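Engineer: I am sharing model-v5.cif, which consists of mmCIF, C-alpha atoms:
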data_data
loop_
_atom_site.label_atom_id
_atom_site.label_comp_id
_atom_site.auth_asym_id
_atom_site.auth_seq_id
_atom_site.Cartn_x
_atom_site.Cartn_y
_atom_site.Cartn_z
CA MET A 158 56.03 142.70 150.47
CA PRO A 159 54.84 144.15 147.18
CA ALA A 160 57.29 146.40 145.33
CA VAL A 161 54.80 149.22 144.82
CA SER A 162 51.55 150.22 146.52
CA ALA A 163 49.44 149.91 143.43
CA GLY A 164 47.02 147.19 142.46
CA PRO A 165 48.04 143.63 141.52
CA GLU A 166 47.78 144.49 137.81
CA ILE A 167 50.59 147.04 138.01
CA GLU A 168 52.74 144.79 140.17
CA ARG A 169 52.33 141.91 137.72
CA LEU A 170 53.19 144.19 134.79
CA ILE A 171 56.36 145.40 136.55
CA ALA A 172 57.38 141.84 137.47
CA LEU A 173 57.03 140.70 133.84
CA LEU A 174 58.84 143.74 132.41
CA ALA A 175 61.71 143.15 134.88
CA ARG A 176 62.32 139.75 133.24
CA LEU A 177 63.24 141.34 129.90
CA PRO A 178 66.98 141.49 129.18
CA GLY A 179 68.31 144.98 129.83
CA LEU A 180 65.58 145.90 132.33
CA GLY A 181 66.07 145.54 136.09
CA PRO A 182 63.47 146.15 138.82
CA ARG A 183 64.10 149.90 138.79
CA SER A 184 63.89 150.37 135.03
CA ALA A 185 60.90 148.00 134.90
CA ARG A 186 59.04 150.35 137.27
CA ARG A 187 59.99 153.32 135.10
CA ALA A 188 58.88 151.46 131.97
CA ALA A 189 55.54 150.49 133.59
CA LEU A 190 54.85 154.10 134.63
CA PHE A 191 55.80 155.30 131.16
CA LEU A 192 53.43 152.77 129.60
CA ILE A 193 50.58 153.77 131.93
CA LYS A 194 51.11 157.44 131.11
CA LYS A 195 51.04 156.64 127.38
CA ARG A 196 48.13 154.24 127.56
CA GLU A 197 46.67 155.03 124.11
CA LEU A 198 49.91 155.86 122.31
CA LEU A 199 52.12 153.02 123.50
CA MET A 200 50.55 150.59 125.96
CA ALA A 201 47.58 149.55 123.80
CA PRO A 202 49.71 149.27 120.61
CA LEU A 203 52.30 147.19 122.50
CA ALA A 204 49.63 144.82 123.82
CA ALA A 205 48.27 144.48 120.27
CA ALA A 206 51.76 143.95 118.81
CA LEU A 207 52.51 141.22 121.34
CA THR A 208 49.22 139.48 120.61
CA ALA A 209 49.83 139.74 116.86
CA ALA A 210 53.35 138.38 117.26
CA ILE A 211 52.14 135.46 119.39
CA GLU A 212 49.55 134.57 116.74
CA THR A 213 51.71 134.95 113.64
CA ILE A 214 55.39 134.32 114.40
CA GLN A 215 56.69 130.90 113.45
CA VAL A 216 60.05 129.20 113.16
CA CYS A 217 60.94 128.73 109.47
CA ARG A 218 60.91 125.01 108.68
CA VAL A 219 63.78 125.43 106.21
CA CYS A 220 66.33 127.64 108.00
CA GLY A 221 65.14 128.13 111.59
CA ASN A 222 64.65 131.91 111.21
CA ILE A 223 61.57 133.46 112.84
CA ASP A 224 59.02 135.19 110.67
CA SER A 225 55.29 135.59 110.22
CA GLN A 226 55.47 133.42 107.09
CA ASN A 227 56.78 129.87 106.79
CA PRO A 228 59.12 129.31 104.96
CA CYS A 229 60.45 132.73 105.97
CA THR A 230 60.83 135.89 103.87
CA ILE A 231 64.51 135.17 103.26
CA CYS A 232 64.03 131.52 102.20
CA THR A 233 61.30 132.50 99.71
CA ASP A 234 63.15 135.54 98.33
CA PRO A 235 64.12 134.77 94.68
CA GLN A 236 66.80 137.48 94.85
CA ARG A 237 68.80 135.46 97.36
CA ASP A 238 71.69 133.34 96.18
CA PRO A 239 70.62 129.71 96.87
CA SER A 240 74.18 128.44 96.47
CA VAL A 241 75.46 130.01 99.71
CA ILE A 242 74.27 129.13 103.25
CA LEU A 243 75.30 131.46 106.07
CA VAL A 244 75.29 129.39 109.28
CA VAL A 245 74.52 131.36 112.47
CA ALA A 246 73.94 130.34 116.07
CA ASP A 247 70.89 132.52 116.74
CA VAL A 248 68.31 134.68 115.01
CA GLY A 249 69.98 137.73 116.61
CA ASP A 250 73.16 136.90 114.64
CA LEU A 251 71.10 136.60 111.46
CA TRP A 252 69.64 140.06 112.08
CA ALA A 253 73.14 141.47 112.69
CA LEU A 254 74.40 140.05 109.36
CA GLU A 255 71.33 141.37 107.54
CA ARG A 256 72.01 144.85 108.93
CA ALA A 257 75.56 144.58 107.54
CA HIS A 258 74.11 144.05 103.99
CA ALA A 259 77.18 141.93 103.25
CA LEU A 260 75.69 139.08 101.27
CA LYS A 261 72.30 138.25 99.78
CA ALA A 262 72.50 134.60 100.80
CA ARG A 263 70.28 132.06 102.55
CA TYR A 264 70.73 131.30 106.24
CA HIS A 265 70.71 128.37 108.61
CA VAL A 266 70.00 129.03 112.29
CA LEU A 267 71.56 126.36 114.51
CA GLY A 268 69.67 127.38 117.65
CA GLY A 269 72.87 127.76 119.69
CA THR A 270 76.38 126.36 119.74
CA LEU A 271 77.78 123.05 121.01
CA SER A 272 78.51 123.45 124.71
CA PRO A 273 79.36 120.27 126.64
CA LEU A 274 79.43 122.23 129.93
CA ASP A 275 75.80 123.36 129.40
CA GLY A 276 74.80 119.92 128.12
CA ILE A 277 74.16 121.16 124.58
CA GLY A 278 75.08 118.44 122.08
CA PRO A 279 74.62 118.08 118.30
CA ASP A 280 71.05 116.75 118.73
CA ASP A 281 70.00 119.97 120.48
CA LEU A 282 70.94 122.01 117.40
CA THR A 283 69.69 121.88 113.79
CA ILE A 284 72.98 120.43 112.53
CA ASP A 285 71.33 117.40 110.85
CA ALA A 286 69.04 119.69 108.86
CA LEU A 287 72.05 121.80 107.82
CA ILE A 288 73.95 118.76 106.56
CA LYS A 289 70.86 117.68 104.56
CA ARG A 290 70.56 121.16 103.04
CA ALA A 291 74.28 121.20 102.22
CA HIS A 292 73.89 117.98 100.20
CA ASP A 293 71.56 119.78 97.77
CA PRO A 294 73.60 120.08 94.52
CA ALA A 295 72.59 123.77 94.30
CA VAL A 296 74.59 124.57 97.45
CA ARG A 297 78.24 125.35 96.77
CA GLU A 298 79.39 127.19 99.91
CA VAL A 299 78.65 127.07 103.62
CA ILE A 300 79.88 130.14 105.54
CA LEU A 301 80.23 129.48 109.26
CA ALA A 302 79.34 132.85 110.82
CA LEU A 303 79.76 131.72 114.44
CA ASN A 304 81.11 133.57 117.45
CA ALA A 305 84.91 133.61 117.80
CA THR A 306 84.55 131.85 121.15
CA VAL A 307 85.59 128.32 122.16
CA ASP A 308 82.01 127.02 121.78
CA GLY A 309 81.51 128.81 118.47
CA GLN A 310 84.74 127.54 117.00
CA SER A 311 84.30 123.94 118.20
CA THR A 312 80.83 123.99 116.61
CA ALA A 313 82.45 125.24 113.40
CA HIS A 314 85.00 122.38 113.49
CA TYR A 315 82.26 119.83 114.15
CA ILE A 316 80.23 121.00 111.13
CA THR A 317 83.34 121.17 108.93
CA ASP A 318 84.10 117.52 109.73
CA LEU A 319 80.55 116.46 108.82
CA LEU A 320 80.79 118.27 105.45
CA HIS A 321 84.18 116.74 104.67
CA ASP A 322 82.87 114.23 102.13
CA THR A 323 80.83 116.77 100.15
CA GLU A 324 81.78 119.11 97.31
CA VAL A 325 80.69 122.09 99.41
CA LYS A 326 83.29 124.77 100.21
CA VAL A 327 83.29 125.54 103.96
CA THR A 328 84.47 129.02 104.95
CA ARG A 329 84.39 131.12 108.11
CA LEU A 330 84.40 134.84 108.94
CA ALA A 331 87.74 136.64 108.78
CA HIS A 332 89.53 137.66 111.95
CA GLY A 333 90.97 141.18 112.04
CA VAL A 334 90.80 144.74 113.27
CA PRO A 335 87.18 145.93 113.70
CA VAL A 336 86.36 148.82 111.33
CA GLY A 337 86.91 152.01 113.32
CA GLY A 338 88.86 150.09 115.97
CA GLU A 339 92.11 151.31 117.52
CA LEU A 340 95.09 148.94 117.57
CA ASP A 341 96.05 150.03 121.07
CA TYR A 342 92.85 148.55 122.50
CA LEU A 343 92.93 145.25 120.60
CA ASP A 344 94.02 141.96 122.14
CA GLU A 345 97.17 140.25 120.90
CA GLY A 346 95.29 137.31 119.34
CA THR A 347 93.25 139.60 117.08
CA LEU A 348 96.32 141.62 116.09
CA ALA A 349 98.30 138.47 115.26
CA ALA A 350 95.37 137.16 113.17
CA ALA A 351 95.05 140.53 111.40
CA ILE A 352 98.75 140.44 110.47
CA ARG A 353 98.58 136.82 109.26
CA SER A 354 95.57 137.65 107.07
CA ARG A 355 96.97 141.00 105.81
CA THR A 356 95.66 142.14 102.42
CA PRO A 357 97.29 144.18 99.60
CA PHE A 358 96.76 147.93 99.95
CA MET B 13 64.92 150.06 105.23
CA PRO B 14 63.57 147.71 107.88
CA ALA B 15 65.80 147.04 110.87
CA VAL B 16 65.46 143.27 110.70
CA SER B 17 64.51 140.84 107.95
CA ALA B 18 61.55 139.39 109.78
CA GLY B 19 57.86 140.02 109.22
CA PRO B 20 56.13 143.34 109.94
CA GLU B 21 54.84 141.96 113.28
CA ILE B 22 58.36 141.58 114.68
CA GLU B 23 59.47 144.93 113.33
CA ARG B 24 56.48 146.66 114.92
CA LEU B 25 57.13 144.90 118.24
CA ILE B 26 60.78 146.02 118.21
CA ALA B 27 59.83 149.60 117.30
CA LEU B 28 57.38 149.79 120.22
CA LEU B 29 59.78 148.19 122.72
CA ALA B 30 62.48 150.68 121.66
CA ARG B 31 60.25 153.53 122.88
CA LEU B 32 60.37 152.29 126.49
CA PRO B 33 62.74 154.22 128.76
CA GLY B 34 65.97 152.28 129.26
CA LEU B 35 65.66 150.34 125.98
CA GLY B 36 67.40 151.46 122.79
CA PRO B 37 67.11 149.87 119.33
CA ARG B 38 69.71 147.22 120.18
CA SER B 39 68.22 146.18 123.52
CA ALA B 40 64.72 146.32 122.00
CA ARG B 41 65.81 143.71 119.44
CA ARG B 42 67.27 141.55 122.22
CA ALA B 43 64.07 141.93 124.25
CA ALA B 44 61.91 141.02 121.23
CA LEU B 45 63.96 137.88 120.54
CA PHE B 46 63.83 136.96 124.22
CA LEU B 47 60.04 137.38 124.21
CA ILE B 48 59.64 135.28 121.07
CA LYS B 49 61.78 132.51 122.57
CA LYS B 50 59.68 132.59 125.75
CA ARG B 51 56.34 132.83 124.00
CA GLU B 52 54.30 130.86 126.56
CA LEU B 53 56.25 131.81 129.69
CA LEU B 54 56.66 135.54 129.14
CA MET B 55 55.22 136.93 125.90
CA ALA B 56 51.65 135.74 126.40
CA PRO B 57 51.58 136.73 130.12
CA LEU B 58 53.00 140.17 129.25
CA ALA B 59 50.34 140.72 126.57
CA ALA B 60 47.67 139.69 129.09
CA ALA B 61 49.16 141.91 131.83
CA LEU B 62 49.20 144.92 129.49
CA THR B 63 45.59 144.31 128.47
CA ALA B 64 44.55 143.89 132.12
CA ALA B 65 46.39 147.09 133.07
CA ILE B 66 44.77 149.04 130.23
CA GLU B 67 41.34 147.87 131.36
CA THR B 68 41.72 148.37 135.11
CA ILE B 69 44.23 151.11 135.93
CA GLN B 70 42.75 154.46 136.82
CA VAL B 71 43.96 157.73 138.28
CA CYS B 72 42.74 158.08 141.90
CA ARG B 73 40.22 160.95 142.06
CA VAL B 74 41.41 161.88 145.55
CA CYS B 75 45.21 161.84 145.37
CA GLY B 76 46.22 161.30 141.72
CA ASN B 77 47.88 157.93 142.39
CA ILE B 78 47.36 155.14 139.84
CA ASP B 79 45.65 151.96 140.94
CA SER B 80 43.11 149.41 139.79
CA GLN B 81 40.63 150.80 142.34
CA ASN B 82 39.36 154.35 142.67
CA PRO B 83 39.87 155.90 145.23
CA CYS B 84 43.21 154.08 145.40
CA THR B 85 44.39 151.45 147.88
CA ILE B 86 46.28 154.05 149.90
CA CYS B 87 43.38 156.55 150.11
CA THR B 88 40.98 153.83 151.30
CA ASP B 89 43.44 152.25 153.78
CA PRO B 90 42.11 152.90 157.33
CA GLN B 91 45.62 152.28 158.71
CA ARG B 92 46.90 155.43 157.03
CA ASP B 93 47.18 158.63 159.03
CA PRO B 94 44.64 161.02 157.42
CA SER B 95 46.19 164.05 159.11
CA VAL B 96 49.38 164.02 157.01
CA ILE B 97 49.56 164.55 153.22
CA LEU B 98 52.83 163.70 151.49
CA VAL B 99 53.00 165.82 148.31
CA VAL B 100 54.97 164.27 145.43
CA ALA B 101 55.51 165.29 141.82
CA ASP B 102 54.94 161.87 140.23
CA VAL B 103 53.67 158.38 140.98
CA GLY B 104 57.28 157.15 140.71
CA ASP B 105 58.16 159.36 143.71
CA LEU B 106 55.18 157.94 145.64
CA TRP B 107 56.45 154.41 144.95
CA ALA B 108 59.96 155.40 146.11
CA LEU B 109 58.59 156.78 149.41
CA GLU B 110 56.45 153.67 149.91
CA ARG B 111 59.53 151.48 149.48
CA ALA B 112 61.24 153.54 152.20
CA HIS B 113 58.41 152.60 154.67
CA ALA B 114 58.99 155.97 156.33
CA LEU B 115 55.45 157.11 157.04
CA LYS B 116 51.97 155.58 156.79
CA ALA B 117 50.44 158.79 155.43
CA ARG B 118 48.18 159.78 152.55
CA TYR B 119 49.65 161.19 149.35
CA HIS B 120 48.95 163.88 146.80
CA VAL B 121 50.41 163.47 143.31
CA LEU B 122 50.90 166.86 141.61
CA GLY B 123 51.52 165.41 138.14
CA GLY B 124 54.82 167.27 137.75
CA THR B 125 56.47 170.44 139.00
CA LEU B 126 56.07 174.07 137.99
CA SER B 127 58.39 174.72 135.07
CA PRO B 128 57.97 178.05 133.26
CA LEU B 129 60.55 177.01 130.64
CA ASP B 130 58.48 173.94 129.72
CA GLY B 131 55.24 175.93 129.91
CA ILE B 132 53.99 174.04 132.98
CA GLY B 133 51.99 176.38 135.22
CA PRO B 134 49.83 175.83 138.33
CA ASP B 135 46.79 174.89 136.22
CA ASP B 136 48.67 171.97 134.67
CA LEU B 137 49.18 170.43 138.13
CA THR B 138 46.69 169.27 140.78
CA ILE B 139 47.61 172.15 143.12
CA ASP B 140 43.98 173.37 143.44
CA ALA B 141 42.86 169.93 144.60
CA LEU B 142 45.72 169.82 147.11
CA ILE B 143 44.74 173.18 148.61
CA LYS B 144 41.12 171.97 148.92
CA ARG B 145 42.29 168.77 150.65
CA ALA B 146 44.54 170.77 152.99
CA HIS B 147 41.53 172.82 154.12
CA ASP B 148 39.92 169.68 155.56
CA PRO B 149 40.12 170.12 159.37
CA ALA B 150 41.45 166.55 159.69
CA VAL B 151 44.65 167.54 157.85
CA ARG B 152 47.35 168.92 160.13
CA GLU B 153 50.56 168.58 158.10
CA VAL B 154 51.57 168.80 154.46
CA ILE B 155 55.02 167.34 153.73
CA LEU B 156 56.47 168.62 150.45
CA ALA B 157 58.47 165.63 149.17
CA LEU B 158 59.64 167.31 145.97
CA ASN B 159 62.94 167.05 144.12
CA ALA B 160 65.73 169.27 145.47
CA THR B 161 65.90 170.99 142.07
CA VAL B 162 65.04 174.55 141.07
CA ASP B 163 61.64 173.48 139.70
CA GLY B 164 60.89 171.25 142.70
CA GLN B 165 61.78 173.94 145.21
CA SER B 166 59.90 176.73 143.42
CA THR B 167 56.84 174.45 143.36
CA ALA B 168 57.32 173.91 147.11
CA HIS B 169 57.47 177.69 147.70
CA TYR B 170 54.37 178.26 145.56
CA ILE B 171 52.35 175.68 147.54
CA THR B 172 53.66 177.03 150.87
CA ASP B 173 52.41 180.51 149.94
CA LEU B 174 48.93 179.17 149.08
CA LEU B 175 48.72 177.37 152.45
CA HIS B 176 49.85 180.44 154.37
CA ASP B 177 46.38 181.32 155.74
CA THR B 178 45.62 177.78 156.99
CA GLU B 179 46.42 176.03 160.27
CA VAL B 180 48.30 173.34 158.35
CA LYS B 181 51.98 172.83 159.15
CA VAL B 182 54.03 172.77 155.93
CA THR B 183 57.30 170.80 156.05
CA ARG B 184 59.80 169.54 153.50
CA LEU B 185 62.32 166.68 153.31
CA ALA B 186 65.60 167.16 155.18
CA HIS B 187 68.79 167.84 153.27
CA GLY B 188 71.86 165.90 154.33
CA VAL B 189 74.34 163.13 153.68
CA PRO B 190 72.73 160.15 151.89
CA VAL B 191 72.83 157.01 154.06
CA GLY B 192 75.93 155.08 153.01
CA GLY B 193 77.31 158.16 151.22
CA GLU B 194 80.92 159.31 151.43
CA LEU B 195 81.60 162.94 152.33
CA ASP B 196 84.41 163.16 149.79
CA TYR B 197 81.97 162.69 146.90
CA LEU B 198 79.28 165.09 148.16
CA ASP B 199 78.76 168.57 146.78
CA GLU B 200 79.39 171.60 148.99
CA GLY B 201 75.70 172.59 149.13
CA THR B 202 74.67 169.23 150.59
CA LEU B 203 77.54 169.25 153.09
CA ALA B 204 76.71 172.80 154.24
CA ALA B 205 73.03 171.82 154.64
CA ALA B 206 74.01 168.69 156.59
CA ILE B 207 76.10 170.77 159.00
CA ARG B 208 73.35 173.38 159.45
CA SER B 209 70.81 170.61 160.22
CA ARG B 210 73.19 168.58 162.43
CA THR B 211 71.50 166.37 165.07
CA PRO B 212 72.58 165.27 168.58
CA PHE B 213 74.56 162.02 168.59
#
Please rewrite the model in this file as structure tokens.
Structural biologist:
Amino acid sequence: MPAVSAGPEIERLIALLARLPGLGPRSARRAALFLIKKRELLMAPLAAALTAAIETIQVCRVCGNIDSQNPCTICTDPQRDPSVILVVADVGDLWALERAHALKARYHVLGGTLSPLDGIGPDDLTIDALIKRAHDPAVREVILALNATVDGQSTAHYITDLLHDTEVKVTRLAHGVPVGGELDYLDEGTLAAAIRSRTPF
Amino acid sequence: MPAVSAGPEIERLIALLARLPGLGPRSARRAALFLIKKRELLMAPLAAALTAAIETIQVCRVCGNIDSQNPCTICTDPQRDPSVILVVADVGDLWALERAHALKARYHVLGGTLSPLDGIGPDDLTIDALIKRAHDPAVREVILALNATVDGQSTAHYITDLLHDTEVKVTRLAHGVPVGGELDYLDEGTLAAAIRSRTPF
């Protein structure tokens, strides 16, 4: 039974939109109608943007970032500090760190975290390439910017072990109270970590 | 300041996705990354589906529905009762009624509701075309399936007045308790309407 009584083109469009994260069947129908109503202003530009992205976007051969140039904009940026590598699980994490404007460093995208339960081992990630990059004498610090989850932290430990025999300093993100966060809503583990890592006022 | 440190193609894709209803900047970034990761399975088919929709989808010249054929699938369906016209504000409402499988009738899409505050008058809707269709001797009933809002109901009254001198029966959707709804959470107006329109058990 088709979801809507329109032609196959609309049904196919709705079915594909419904596969995007954040859109269910209902919001996919709304999005499809919205696109059809804004055919010139939004639908045609979106089709063109998707086609352009398909043709141009590549995975950076140095760091694993995605970009329309290869090596990516960040790897080829002379303003970036080549002595620091920020290790992230996914490109989404890289984007989040870039929005924070915290550090003008280079990145390394692992492509996920170690997860024995999901069958993701070291060979499924770009850990080998990271270790090779870390052996470059120019690199002095590797910051492990991984999720504070079991998988994220076991990946961090695994990488730390592999870098044990190098001169590279391995660091990780600080635990603590989120900026703007209220103590009352924080879990005990975060509060205990925030007290252990307290800083002078 | 660009939102992400990727090429202009990705930034343009995210900006366009963020304009879809139900997607904000954050979910647009997630959707863009998801698309890029599923380039062959989702991104390319979505680009093709959008292009196909742009090329084929038209507004039905009879009822205002959208479809890849004109007149639309519903208007040309011989199984549909041509004596009943279901009047809806938007194509989304038509889809909702079709999913309910309530009536195999024809439709008429007004393209909105009268809304003096938004400057939407009778000439901005397809009311003239509806009145012409209702004068066809084959048409015996016009069901006003419009939102139970001030604008929806004033549009219903306006159309009822215009059909006053015809033989056509004008009806509207029943008010009452939603199926599965709990009385405790219903507003007084709906409850009062449900009691007034009570049916034999």
Engineer: Around all the atoms of range 136-153 of chain B listed in the file, with 5 Å of room on each side, what axis-aligned box do you get, giving centre and edge lengths in Å to one decimal, as AutoDock Vina command-line options?
Structural biologist:
--center_x 45.2 --center_y 170.0 --center_z 147.4 --size_x 20.6 --size_y 16.8 --size_z 35.5
Engineer: So that I can see what lies close to Ser354 in chain A, please list as a list in words the residues with an atom at most 12 Å from it, counting all atoms listed in the file and leaving out residues fewer than 4 positions away in the same chain.
Structural biologist: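 That gives Leu330, Ala331, His332, Gly333, Val334, Thr347, Leu348, Ala349 and Ala350 of chain A.
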Engineer: Report as a CSV table (one decimal) with C-alpha atoms, keeping the file's coordinate frame the set of chain B residues whose atoms approach chain A to within 6 Å, with distances computed over only C-alpha atoms.
Structural biologist:
chain,number,residue,atom,x,y,z
B,16,VAL,CA,65.5,143.3,110.7
B,18,ALA,CA,61.6,139.4,109.8
B,19,GLY,CA,57.9,140.0,109.2
B,21,GLU,CA,54.8,142.0,113.3
B,25,LEU,CA,57.1,144.9,118.2
B,32,LEU,CA,60.4,152.3,126.5
B,33,PRO,CA,62.7,154.2,128.8
B,43,ALA,CA,64.1,141.9,124.2
B,59,ALA,CA,50.3,140.7,126.6
B,61,ALA,CA,49.2,141.9,131.8
B,62,LEU,CA,49.2,144.9,129.5
B,65,ALA,CA,46.4,147.1,133.1
B,79,ASP,CA,45.6,152.0,140.9
B,80,SER,CA,43.1,149.4,139.8
B,107,TRP,CA,56.4,154.4,145.0
Engineer: Around the point (74.5, 120.0, 99.5) (coordinates from the file), which residues reach within 12 Å if we count all atoms listed in the file? Answer as a list in words.
Structural biologist: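 Those within range, by chain then number, are Pro239, Ser240, Val241, Ile242, Ala286, Leu287, Ile288, Lys289, Arg290, Ala291, His292, Asp293, Pro294, Ala295, Val296, Arg297, Glu298, Val299, Leu319, Leu320, His321, Asp322, Thr323, Glu324, Val325, Lys326 and Val327 of chain A.
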Engineer: Around the point (79.9, 135.6, 118.6), in the coordinates given by the file, pick out the residues reaching within 10 Å, counting all atoms listed in the file, and return them as a PyMOL selection string.
Structural biologist: chain A and resi 245-247+250+270+302-310
Engineer: Which residue out of B:Gly201, B:Gly76, B:Ala117, B:Gly192 has the minimum interatomic distance to Leu137 in chain B when all atoms listed in the file are used?
Structural biologist: B:Gly76
